[in-house]
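Reviewing the structure listed below.
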There are 2 protein chains.
Amino acid sequence: MDESVLIVGSLAYDTVTSPAGSVENELGGSATYGGLAAAFHSRISNGGSVGIVGVVGDDFLLEDRELLKNTGLDLSGLEVVQGETFRWTGSYHGSMGEAETHETHLNVFEHFEPKVPENWKSPTITFCANLHPFIQKNVLDQSPPSRLSMLDSMNLWIQIAKDELLSVMKKVDLVIINDGEVRMLADDDNLIRATHFVREKIGSTYLVVKKGEHGVLALHPDGVISIPAFPTSKIVDPTGCGDTFAGTLASYLAKGAGPIQKHELRQALEAATVTASFTLESFGTESLLDLTEEKFNQRLDEFYTIIHN
Amino acid sequence: MDESVLIVGSLAYDTVTSPAGSVENELGGSATYGGLAAAFHSRISNGGSVGIVGVVGDDFLLEDRELLKNTGLDLSGLEVVQGETFRWTGSYHGSMGEAETHETHLNVFEHFEPKVPENWKSPTITFCANLHPFIQKNVLDQSPPSRLSMLDSMNLWIQIAKDELLSVMKKVDLVIINDGEVRMLADDDNLIRATHFVREKIGSTYLVVKKGEHGVLALHPDGVISIPAFPTSKIVDPTGCGDTFAGTLASYLAKGAGPIQKHELRQALEAATVTASFTLESFGTESLLDLTEEKFNQRLDEFYTIIHN
């Protein structure tokens, strides 16, 4: 198999309110956004395959399944079971840095036992998108990647499954986490100190700290990387931005071989920043689905002149 | 005269509490930090002169005057009058992003009428550091600069002298302001939108938005510049960081001629970021006074690899 990215994560219907408006039961979830971003970058770079492991209920719309499939995603690891698809309801306020969660219904994810398809047992990258750490660990065990294992999470799991989360974090090469979660894990308001503390604690080779509108900080064995966000005034819905970011990272890092070089990680983080800035500009997956190679490259060039030239 | 930077601003005695400890009646003020930073960069680059316009009371210590003078600052514009030197009391909490002001006693600044010395009437740069907008305007009128006028401010003046502040902002080429103040002036939580709004409103050629631990954003006619902060875990006292930043900017921009180029502004902003990171590491002016060319260049190189390489 060529380079391949396996993503385990949620597929969901989201109900979101922001100062820009609101939507009900929009297709969302960490595997959806991560998968769409990875599939986009795979398409425009003639890259390899992207597969999803997850579960939906029998209420999952056929058109949503078709939509995912048409982007090139391999859905052979997507189970359909009796019951309701995962649902999340949240809202954003003020500078929209953080979501306020109103309801989380795991539904079919509550008793999900992931089964990785035979041909996905040794991908280039295994990316555990945000999901219960037990499920993440299970997929990692089934699909040890040839190049890099990645893990994203959220504050919920720090609150209700911290030990399980730390245990799976210790198993992966690259952990993605946001600034609030780093501070929470380290119990320290100083982000830089907290970041170093968390890396010590979990021993991951690469640690990526997403700071939303403030950019991203990454620890690489060869040094620190710091990148500002793409400065956009069009903020409609931050839902899925972190997953878009991580999916792009996975797709970029699937391309090389051997240990991830610092410049390689920086390039992937810059592309991830730019891709996530599109997700921000619409509710749901709309602007991510509308993304073209031309639009992406144009904004990537613009971003380069903003941060380097 | 060679390149020269004239700074009007406050000289103060600060009482500061932070999670790292506290100090009483430390030498501070916007002209002090701005002047020390500009004088440092002037020294290590064999640059021109840096002069201060301000006022202190008869309680201002001779040793503080000597300290300023010994860094190379021209104090011919520093008046001494009967009364007490400006005093500020504040504290920092949590991630220490913002100071909480407990007391501000303008004292001798209340009736200050700046008199710019004859040989400072046409400097390369006139930098109005944080101070009442009336005094800033007065000094600008007396000392039209040959290359660039710069202005810094703070939330206090937006609250109590907004019209006067906007009027003097409209007169300068480069306005420095922090993110909270931009949001306050634009009455908009979206920083990017607020920044563009403020630039439209005041019409300044260059607008620099300081975001503290989140770096700096600048609008230049040729495009946006975004630079993250230097990632330091040693945060002792943010007092004076913004003034250090602005003083460095003034010193760097005094070197060239003609309109400020985008790459020139970026280079100055990177140096300003690094210089301010030293001020952060001690109470008062201690680490700024201890700064050497070697320490500065080493950290500037480190910063370069963090944001570019």
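Residues are named by chain letter and number: chains run A, B, ... in the order of the structure tokens, numbers start at 1 in each chain, and ligands are numbered from 1 in the order shown.
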Using only C-alpha atoms, which residues sit within 7 Å of Thr124 (chain A) once same-chain residues fewer than 6 positions away are excluded, as an mmCIF file with N, CA and C atoms, in the first residue's frame?
data_model
loop_
_atom_site.group_PDB
_atom_site.id
_atom_site.type_symbol
_atom_site.label_atom_id
_atom_site.label_comp_id
_atom_site.auth_asym_id
_atom_site.auth_seq_id
_atom_site.Cartn_x
_atom_site.Cartn_y
_atom_site.Cartn_z
ATOM 1 N N GLU A 3 1.403 5.399 0.843
ATOM 2 C CA GLU A 3 1.190 6.054 2.127
ATOM 3 C C GLU A 3 -0.304 6.035 2.456
ATOM 4 N N SER A 4 -0.606 5.821 3.725
ATOM 5 C CA SER A 4 -2.008 5.705 4.103
ATOM 6 C C SER A 4 -2.208 6.256 5.503
ATOM 7 N N VAL A 5 -3.352 6.880 5.684
ATOM 8 C CA VAL A 5 -3.686 7.470 6.979
ATOM 9 C C VAL A 5 -4.956 6.819 7.498
ATOM 10 N N PRO A 145 1.237 1.785 13.297
ATOM 11 C CA PRO A 145 1.591 2.448 12.035
ATOM 12 C C PRO A 145 3.074 2.271 11.708
ATOM 13 N N SER A 146 3.402 2.400 10.427
ATOM 14 C CA SER A 146 4.806 2.245 10.030
ATOM 15 C C SER A 146 5.610 3.508 10.293
ATOM 16 N N ARG A 147 4.945 4.680 10.261
ATOM 17 C CA ARG A 147 5.727 5.896 10.494
ATOM 18 C C ARG A 147 5.407 6.621 11.794
ATOM 19 N N LEU A 148 4.133 6.845 12.059
ATOM 20 C CA LEU A 148 3.798 7.747 13.164
ATOM 21 C C LEU A 148 2.402 7.476 13.722
ATOM 22 N N ALA A 254 2.345 11.772 6.421
ATOM 23 C CA ALA A 254 2.334 10.435 5.808
ATOM 24 C C ALA A 254 3.269 10.375 4.616
#
Inset, instruction - Could you tell me, as JSON, numbers by chain, which residues of region 18-265 of chain A DSSP assigns to strand (DSSP E or B) when given the backbone? - result: {"A": [18, 21, 22, 23, 24, 25, 26, 27, 28, 49, 50, 51, 52, 53, 54, 55, 56, 57, 74, 75, 76, 77, 78, 79, 80, 81, 86, 87, 88, 89, 90, 91, 92, 99, 100, 101, 102, 103, 104, 105, 125, 126, 127, 128, 148, 149, 150, 151, 152, 174, 175, 176, 177, 178, 206, 207, 208, 209, 210, 216, 217, 218, 219, 220, 223, 224, 225, 226, 227]}
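Any residue of chain A with an atom no more than 6 Å from chain B counts as a contact; using only C-alpha atoms, that gives A:Gly94, A:Ser95, A:Asp189, A:Asn190, A:Ile192, A:Arg193, A:His214, A:Val224, A:Ile225, A:Ser226, A:Pro228, A:Ser233, A:Ile306, A:Ile307.
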Written selection (C-alpha atoms) as a PDB file, in the first residue's frame:
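The result, written out as result_2.pdb:
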ATOM      1  CA  GLY A  94     -17.299  36.546  22.562  1.00  0.00           C
ATOM      2  CA  SER A  95     -13.981  35.959  20.820  1.00  0.00           C
ATOM      3  CA  ASP A 189      -1.287  28.628  34.226  1.00  0.00           C
ATOM      4  CA  ASN A 190       2.075  29.150  32.534  1.00  0.00           C
ATOM      5  CA  ILE A 192       5.278  27.042  28.287  1.00  0.00           C
ATOM      6  CA  ARG A 193       6.058  25.433  31.644  1.00  0.00           C
ATOM      7  CA  HIS A 214      -3.310  32.369  18.926  1.00  0.00           C
ATOM      8  CA  VAL A 224      10.451  24.555  19.645  1.00  0.00           C
ATOM      9  CA  ILE A 225       8.228  25.648  16.746  1.00  0.00           C
ATOM     10  CA  SER A 226       5.807  28.542  17.145  1.00  0.00           C
ATOM     11  CA  PRO A 228       0.644  32.262  14.681  1.00  0.00           C
ATOM     12  CA  SER A 233     -11.944  38.141  10.514  1.00  0.00           C
ATOM     13  CA  ILE A 306       2.437  37.083   6.819  1.00  0.00           C
ATOM     14  CA  ILE A 307       4.745  34.978   8.974  1.00  0.00           C
TER      15      ILE A 307
END
Legend entry - Filtered DSSP result for region 71-287 of chain A, state helix (DSSP H, G or I), as number ranges by chain: A: 107-109, 118-120, 133-142, 155-160, 162-169, 179-186, 191-202, 212-214, 241-253, 262-279, 286-287
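Using only C-alpha atoms, the smallest distance between any of B:Thr126, B:Asn119, B:Ser91, B:Asn178 and Pro238 (chain B) comes from B:Ser91.
A straight line drawn from CA of Leu61 (chain B) to CA of Ser143 (chain B) is 28.3 Å long.
Note that CA of Thr244 (chain B) and CA of Tyr33 (chain B) are 5.2 Å apart.
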